[in-house]
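Q: Got a structure for you, questions after.
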Amino acid sequence: MSVTIRKSVEADASFIALALLESSRAGKKVGIFDYIFNTNDEKKLLEFLNKLTLTSAKSYCHFSNFMIATVGSAYAGTICGYEPRIATHDVFAQALEELGIDETYHERIAGYLLCEPEIDNKTWVCDFMTVQNEFKSFEVLKEMVGKSILTARLKGYRKAQTMVEIGSAEAEMIYKKLGFSVIDEKRSEYYEEQFGRAGLMRLQIVL
């Protein structure tokens, strides 16, 4: 299987929206975007997420932060790689504001905020990694993460981090196989009440 990795373009917005929804739910009935947009209607969520990737405020969900994996002409997967010093929480709030979502969304994701790790500005972040079922192979995952890490190195970063939910054994195993190690975790009963998982763990790789 020959995998090609490229920078995403605006035309990839609908695929990225699907990836955002899938990775945020991670096999659960609800994910963080269900709470942010205050709906679990999949059609509405995908409309919101599609628009979120195209806002003038370039949040970490903006299409420009994603890379796309293709096999032939077919989408195989995607990964987001961003700089926290640029794609800040304030920028994310600005992007949501463009979609008519005010800052009261913080109240709806309180469980997440209790477990969200603090990431310094000298760290590259990998997030929202998904692979289509028909292309689910370690090769695709390795190619995507490798390309994201190469971008990080070229920008001068010396470490990259990601986070997965505690209990997401497959995601944890994949990142460990790619060279990441668990550095900490945060647990919250409120997070478990909202999302059905104990909390979040943070993994890091030195570049």
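Identifiers in the structure tokens: chain A, B, ... in order shown; residue index from 1 per chain; ligand index from 1 in order shown.
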Per residue of stretch 9-29 of chain A within 7 Å of stretch 128-135 of chain A, which atom pair is closest and at what distance in Å (one decimal), using only C-alpha atoms, listed by chain and increasing number, as CSV?
A:
```
residue,atom,partner,partner_atom,distance
A:Ala19,CA,A:Thr130,CA,6.0
A:Leu20,CA,A:Phe128,CA,6.0
A:Ser23,CA,A:Phe128,CA,5.5
```
Q: Which one is closest to A:Ser59: A:Ala11, A:Ala95, A:Val125, A:Cys80? Count only C-alpha atoms.
A: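 Residue with the minimum atom-to-atom distance to A:Ser59: A:Ala95.
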Q: Determine which residues of stretch 74-103 of chain A receive a DSSP assignment of alpha helix (DSSP H), computed from the backbone, and state them as a list in words.
A: His89, Asp90, Val91, Phe92, Ala93, Gln94, Ala95, Leu96, Glu97 and Glu98 of chain A
Q: Write out as a PyMOL selection string all residues of stretch 65-179 of chain A that backbone DSSP assigns to strand (DSSP E or B).
A: chain A and resi 66-71+74-82+124-131+159-165
Q: Which polymer residues have any atom within 6 Å of an atom of A:Ser8, counting only C-alpha atoms, with same-chain residues fewer than 3 positions away left out, as a PyMOL selection string?
A: chain A and resi 66-68
Q: Residues at most 8 Å from stretch 171-178 of chain A, counting only C-alpha atoms, excluding those fewer than 5 positions away in the same chain, as a ChimeraX atom specification?
A: /A:138,142,145,164,203
Q: Based on the selection just made, write all heavy atoms of those residues as a PDB file, in the first residue's frame.
A:
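See part_17.pdb below for the written result:
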```pdb
ATOM      1  N   PHE A 138      -0.809   0.185  10.629  1.00  0.00           N
ATOM      2  CA  PHE A 138       0.225   0.934  11.344  1.00  0.00           C
ATOM      3  C   PHE A 138       1.036   1.787  10.374  1.00  0.00           C
ATOM      4  O   PHE A 138       1.509   2.859  10.739  1.00  0.00           O
ATOM      5  CB  PHE A 138       1.142  -0.027  12.099  1.00  0.00           C
ATOM      6  CG  PHE A 138       2.154   0.670  12.961  1.00  0.00           C
ATOM      7  CD1 PHE A 138       1.764   1.350  14.106  1.00  0.00           C
ATOM      8  CD2 PHE A 138       3.497   0.675  12.612  1.00  0.00           C
ATOM      9  CE1 PHE A 138       2.698   2.021  14.888  1.00  0.00           C
ATOM     10  CE2 PHE A 138       4.434   1.331  13.394  1.00  0.00           C
ATOM     11  CZ  PHE A 138       4.029   2.004  14.533  1.00  0.00           C
ATOM     12  N   LYS A 142       1.997   5.580  11.068  1.00  0.00           N
ATOM     13  CA  LYS A 142       3.418   5.914  11.168  1.00  0.00           C
ATOM     14  C   LYS A 142       3.786   7.021  10.190  1.00  0.00           C
ATOM     15  O   LYS A 142       4.535   7.952  10.541  1.00  0.00           O
ATOM     16  CB  LYS A 142       4.260   4.663  10.893  1.00  0.00           C
ATOM     17  CG  LYS A 142       5.763   4.876  11.061  1.00  0.00           C
ATOM     18  CD  LYS A 142       6.513   3.574  10.796  1.00  0.00           C
ATOM     19  CE  LYS A 142       8.016   3.781  10.929  1.00  0.00           C
ATOM     20  NZ  LYS A 142       8.761   2.522  10.651  1.00  0.00           N
ATOM     21  N   VAL A 145       2.202  10.469  11.519  1.00  0.00           N
ATOM     22  CA  VAL A 145       2.909  10.999  12.688  1.00  0.00           C
ATOM     23  C   VAL A 145       4.320  11.421  12.300  1.00  0.00           C
ATOM     24  O   VAL A 145       4.814  12.466  12.734  1.00  0.00           O
ATOM     25  CB  VAL A 145       2.934   9.966  13.841  1.00  0.00           C
ATOM     26  CG1 VAL A 145       3.833  10.450  14.975  1.00  0.00           C
ATOM     27  CG2 VAL A 145       1.524   9.729  14.369  1.00  0.00           C
ATOM     28  N   VAL A 164      -4.556  11.244  25.138  1.00  0.00           N
ATOM     29  CA  VAL A 164      -5.608  10.263  24.873  1.00  0.00           C
ATOM     30  C   VAL A 164      -6.375  10.039  26.163  1.00  0.00           C
ATOM     31  O   VAL A 164      -5.877  10.308  27.257  1.00  0.00           O
ATOM     32  CB  VAL A 164      -5.036   8.923  24.354  1.00  0.00           C
ATOM     33  CG1 VAL A 164      -4.240   9.122  23.079  1.00  0.00           C
ATOM     34  CG2 VAL A 164      -4.174   8.240  25.412  1.00  0.00           C
ATOM     35  N   LEU A 203       1.035  12.038  26.506  1.00  0.00           N
ATOM     36  CA  LEU A 203       2.187  11.288  26.023  1.00  0.00           C
ATOM     37  C   LEU A 203       3.138  12.247  25.299  1.00  0.00           C
ATOM     38  O   LEU A 203       2.706  13.199  24.679  1.00  0.00           O
ATOM     39  CB  LEU A 203       1.760  10.167  25.091  1.00  0.00           C
ATOM     40  CG  LEU A 203       0.881   9.064  25.688  1.00  0.00           C
ATOM     41  CD1 LEU A 203      -0.583   9.375  25.428  1.00  0.00           C
ATOM     42  CD2 LEU A 203       1.244   7.700  25.124  1.00  0.00           C
TER      43      LEU A 203
END
```
Q: Could you name the residues that touch A:Leu200 at 9 Å or less, counting only C-alpha atoms, but leaving out those on the same chain fewer than 5 positions away, as a list in words?
A: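 My reading of the contact set: Tyr112, Cys115, Glu116, Pro117, Met163, Val164, Glu165, Ile166, Gly167, Asp184, Glu185, Lys186, Arg187, Ser188 and Tyr191 of chain A.
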Q: Just the selected residues (C-alpha atoms), exported as an mmCIF file, in the first residue's frame, please.
A:
```
data_model
loop_
_atom_site.group_PDB
_atom_site.id
_atom_site.type_symbol
_atom_site.label_atom_id
_atom_site.label_comp_id
_atom_site.auth_asym_id
_atom_site.auth_seq_id
_atom_site.Cartn_x
_atom_site.Cartn_y
_atom_site.Cartn_z
ATOM 1 C CA TYR A 112 -12.832 18.230 30.161
ATOM 2 C CA CYS A 115 -8.464 17.123 33.062
ATOM 3 C CA GLU A 116 -6.966 19.154 30.238
ATOM 4 C CA PRO A 117 -3.150 19.134 30.512
ATOM 5 C CA MET A 163 -3.252 13.218 24.780
ATOM 6 C CA VAL A 164 -5.608 10.263 24.873
ATOM 7 C CA GLU A 165 -8.380 9.279 27.205
ATOM 8 C CA ILE A 166 -7.495 6.930 30.031
ATOM 9 C CA GLY A 167 -8.903 3.589 28.961
ATOM 10 C CA ASP A 184 1.236 12.288 33.315
ATOM 11 C CA GLU A 185 -2.507 11.884 33.648
ATOM 12 C CA LYS A 186 -5.441 13.701 35.188
ATOM 13 C CA ARG A 187 -8.573 12.003 36.502
ATOM 14 C CA SER A 188 -11.930 13.452 37.416
ATOM 15 C CA TYR A 191 -15.039 13.840 33.388
#
```
Q: Report, in Å to a single decimal, how far apart atom CA of A:Leu141 and atom CA of A:Gly77 are.
A: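 Straight-line distance from atom CA of A:Gly77 to atom CA of A:Leu141 works out to 8.1 Å.
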Q: Let me make sure I understand: among A:Lys136, A:Lys43, A:Lys122, A:Lys29, which one has the smallest atom-to-atom distance to A:Arg158 if we use only C-alpha atoms?
A: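 Of the candidates, the smallest distance to A:Arg158 is held by A:Lys122.
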Q: Which residues are close to stretch 101-103 of chain A, i.e. within 12 Å by only C-alpha atoms, leaving aside same-chain residues fewer than 2 positions away? Reply as a list in words.
A: Phe33, Tyr35, Ile36, Phe37, Asn38, Phe48, Leu52, His89, Asp90, Val91, Phe92, Ala93, Gln94, Ala95, Leu96, Glu97, Glu98, Leu99, Tyr105, His106, Glu107, Arg108 and Ile109 of chain A
Q: Can I get the selection written as a CSV table (one decimal), in the first residue's frame, with N, CA and C atoms?
A:
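In the end it all went to result_24.csv:
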```
chain,number,residue,atom,x,y,z
A,33,PHE,N,-17.2,17.9,21.3
A,33,PHE,CA,-17.9,18.8,20.4
A,33,PHE,C,-19.4,18.7,20.6
A,35,TYR,N,-20.8,18.7,23.4
A,35,TYR,CA,-21.1,19.7,24.5
A,35,TYR,C,-20.8,21.1,24.0
A,36,ILE,N,-19.8,21.3,23.2
A,36,ILE,CA,-19.5,22.7,22.8
A,36,ILE,C,-20.6,23.2,21.9
A,37,PHE,N,-21.1,22.4,21.0
A,37,PHE,CA,-22.2,22.9,20.1
A,37,PHE,C,-23.6,22.5,20.7
A,38,ASN,N,-23.6,21.9,21.8
A,38,ASN,CA,-24.8,21.7,22.6
A,38,ASN,C,-25.9,20.9,21.7
A,48,PHE,N,-21.4,22.3,11.8
A,48,PHE,CA,-20.6,23.2,12.7
A,48,PHE,C,-19.1,22.9,12.5
A,52,LEU,N,-16.1,25.2,11.3
A,52,LEU,CA,-15.0,25.5,12.3
A,52,LEU,C,-13.6,25.4,11.6
A,89,HIS,N,-6.2,29.0,23.3
A,89,HIS,CA,-7.6,28.9,23.6
A,89,HIS,C,-8.4,30.1,23.2
A,90,ASP,N,-7.8,31.2,23.3
A,90,ASP,CA,-8.4,32.5,22.9
A,90,ASP,C,-8.8,32.4,21.4
A,91,VAL,N,-7.9,31.9,20.6
A,91,VAL,CA,-8.2,31.8,19.2
A,91,VAL,C,-9.3,30.8,18.9
A,92,PHE,N,-9.3,29.8,19.7
A,92,PHE,CA,-10.4,28.8,19.5
A,92,PHE,C,-11.8,29.4,19.9
A,93,ALA,N,-11.8,30.2,21.0
A,93,ALA,CA,-13.0,31.0,21.4
A,93,ALA,C,-13.4,31.9,20.3
A,94,GLN,N,-12.4,32.6,19.6
A,94,GLN,CA,-12.8,33.5,18.5
A,94,GLN,C,-13.4,32.8,17.4
A,95,ALA,N,-12.9,31.6,17.1
A,95,ALA,CA,-13.4,30.8,16.0
A,95,ALA,C,-14.8,30.4,16.3
A,96,LEU,N,-15.1,30.0,17.5
A,96,LEU,CA,-16.4,29.6,17.9
A,96,LEU,C,-17.4,30.8,17.9
A,97,GLU,N,-16.9,31.9,18.2
A,97,GLU,CA,-17.7,33.1,18.2
A,97,GLU,C,-18.2,33.4,16.8
A,98,GLU,N,-17.3,33.1,15.8
A,98,GLU,CA,-17.7,33.3,14.4
A,98,GLU,C,-18.9,32.4,14.0
A,99,LEU,N,-19.0,31.3,14.8
A,99,LEU,CA,-20.1,30.4,14.5
A,99,LEU,C,-21.3,30.6,15.4
A,105,TYR,N,-19.8,28.0,26.6
A,105,TYR,CA,-19.5,26.6,26.3
A,105,TYR,C,-18.5,26.1,27.3
A,106,HIS,N,-17.7,26.9,28.0
A,106,HIS,CA,-16.8,26.5,29.0
A,106,HIS,C,-17.6,25.7,30.1
A,107,GLU,N,-18.8,26.2,30.4
A,107,GLU,CA,-19.6,25.5,31.5
A,107,GLU,C,-20.0,24.1,31.0
A,108,ARG,N,-20.2,23.9,29.7
A,108,ARG,CA,-20.7,22.6,29.2
A,108,ARG,C,-19.5,21.6,29.1
A,109,ILE,N,-18.3,22.1,29.1
A,109,ILE,CA,-17.1,21.2,29.0
A,109,ILE,C,-16.3,21.2,30.3
```
Q: I'd like the interatomic distance between atom CA of A:Glu192 and atom CA of A:Ala169, to a tenth of an Å.
A: 16.1 Å
Q: In Å to one decimal, how far is atom CA of A:Phe195 from atom CA of A:Gly31?
A: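 Interatomic distance here is 6.7 Å.
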Q: Find the residue from A:Ile205, A:Leu154, A:Leu54, A:Leu45 that sits nearest to A:Arg25; use only C-alpha atoms when measuring.
A: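 Between A:Ile205, A:Leu154, A:Leu54, A:Leu45, the residue approaching A:Arg25 most closely is A:Leu45.
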Q: Measuring atom to atom with only C-alpha atoms, identify which of A:Tyr82, A:Glu118, A:Lys58, A:Glu139 is nearest to A:Met201.
A: A:Glu118
Q: For A:Met144, which residue among A:Thr78, A:Ala87, A:Thr53, A:Met1 is the nearest when counting only C-alpha atoms?
A: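 Among the listed residues, the smallest separation from A:Met144 belongs to A:Thr78.
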Q: My list of candidates is A:Ala57, A:Leu150, A:Ala17, A:Leu46. Which is closest to A:Ile86 when distances are computed with only C-alpha atoms?
A: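 Among the listed residues, A:Ala57 lies closest to A:Ile86.
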Q: Compile the contact shell of A:Ala160 as a list in words: residues with an atom at most 9 Å away, counting only C-alpha atoms, same-chain residues fewer than 3 positions apart removed.
A: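 Once the nearby chain positions are removed, what remains is Lys122, Thr123, Trp124, Val125, Cys126, Ile149, Ala152, Tyr157, Phe180, Leu203, Gln204, Ile205, Val206 and Leu207 of chain A.
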Q: Can I get the selection written as a PDB file, in the first residue's frame, with N, CA, C and O atoms?
A:
```
ATOM      1  N   LYS A 122       6.737  25.597  24.053  1.00  0.00           N
ATOM      2  CA  LYS A 122       7.873  25.002  23.352  1.00  0.00           C
ATOM      3  C   LYS A 122       7.566  23.583  22.875  1.00  0.00           C
ATOM      4  O   LYS A 122       8.469  22.827  22.530  1.00  0.00           O
ATOM      5  N   THR A 123       6.283  23.251  22.885  1.00  0.00           N
ATOM      6  CA  THR A 123       5.850  21.899  22.545  1.00  0.00           C
ATOM      7  C   THR A 123       4.984  21.888  21.293  1.00  0.00           C
ATOM      8  O   THR A 123       4.118  22.732  21.120  1.00  0.00           O
ATOM      9  N   TRP A 124       5.218  20.936  20.434  1.00  0.00           N
ATOM     10  CA  TRP A 124       4.371  20.687  19.262  1.00  0.00           C
ATOM     11  C   TRP A 124       3.286  19.697  19.683  1.00  0.00           C
ATOM     12  O   TRP A 124       3.552  18.776  20.446  1.00  0.00           O
ATOM     13  N   VAL A 125       2.082  19.886  19.218  1.00  0.00           N
ATOM     14  CA  VAL A 125       0.981  19.002  19.624  1.00  0.00           C
ATOM     15  C   VAL A 125       0.422  18.246  18.426  1.00  0.00           C
ATOM     16  O   VAL A 125       0.109  18.832  17.389  1.00  0.00           O
ATOM     17  N   CYS A 126       0.316  16.937  18.579  1.00  0.00           N
ATOM     18  CA  CYS A 126      -0.362  16.080  17.602  1.00  0.00           C
ATOM     19  C   CYS A 126      -1.750  15.764  18.150  1.00  0.00           C
ATOM     20  O   CYS A 126      -1.886  15.415  19.326  1.00  0.00           O
ATOM     21  N   ILE A 149       5.853  15.127  12.825  1.00  0.00           N
ATOM     22  CA  ILE A 149       7.056  15.328  13.640  1.00  0.00           C
ATOM     23  C   ILE A 149       8.161  15.998  12.830  1.00  0.00           C
ATOM     24  O   ILE A 149       8.898  16.853  13.340  1.00  0.00           O
ATOM     25  N   ALA A 152       7.451  19.562  12.808  1.00  0.00           N
ATOM     26  CA  ALA A 152       7.806  20.135  14.110  1.00  0.00           C
ATOM     27  C   ALA A 152       9.300  20.403  14.205  1.00  0.00           C
ATOM     28  O   ALA A 152       9.732  21.469  14.664  1.00  0.00           O
ATOM     29  N   TYR A 157      11.080  22.678  16.990  1.00  0.00           N
ATOM     30  CA  TYR A 157      10.591  22.016  18.205  1.00  0.00           C
ATOM     31  C   TYR A 157      11.446  20.797  18.537  1.00  0.00           C
ATOM     32  O   TYR A 157      11.947  20.122  17.642  1.00  0.00           O
ATOM     33  N   PHE A 180       6.147   7.388  21.659  1.00  0.00           N
ATOM     34  CA  PHE A 180       5.674   8.270  22.725  1.00  0.00           C
ATOM     35  C   PHE A 180       5.665   7.525  24.061  1.00  0.00           C
ATOM     36  O   PHE A 180       5.525   6.309  24.100  1.00  0.00           O
ATOM     37  N   LEU A 203       1.035  12.038  26.506  1.00  0.00           N
ATOM     38  CA  LEU A 203       2.187  11.288  26.023  1.00  0.00           C
ATOM     39  C   LEU A 203       3.138  12.247  25.299  1.00  0.00           C
ATOM     40  O   LEU A 203       2.706  13.199  24.679  1.00  0.00           O
ATOM     41  N   GLN A 204       4.425  11.929  25.378  1.00  0.00           N
ATOM     42  CA  GLN A 204       5.442  12.814  24.796  1.00  0.00           C
ATOM     43  C   GLN A 204       6.509  12.012  24.061  1.00  0.00           C
ATOM     44  O   GLN A 204       6.815  10.870  24.420  1.00  0.00           O
ATOM     45  N   ILE A 205       7.057  12.636  23.024  1.00  0.00           N
ATOM     46  CA  ILE A 205       8.208  12.067  22.329  1.00  0.00           C
ATOM     47  C   ILE A 205       9.240  13.174  22.180  1.00  0.00           C
ATOM     48  O   ILE A 205       8.897  14.327  21.892  1.00  0.00           O
ATOM     49  N   VAL A 206      10.508  12.856  22.421  1.00  0.00           N
ATOM     50  CA  VAL A 206      11.594  13.822  22.242  1.00  0.00           C
ATOM     51  C   VAL A 206      12.049  13.729  20.795  1.00  0.00           C
ATOM     52  O   VAL A 206      12.312  12.637  20.275  1.00  0.00           O
ATOM     53  N   LEU A 207      12.137  14.877  20.136  1.00  0.00           N
ATOM     54  CA  LEU A 207      12.455  14.904  18.708  1.00  0.00           C
ATOM     55  C   LEU A 207      13.956  15.005  18.456  1.00  0.00           C
ATOM     56  O   LEU A 207      14.703  15.438  19.300  1.00  0.00           O
TER      57      LEU A 207
END
```
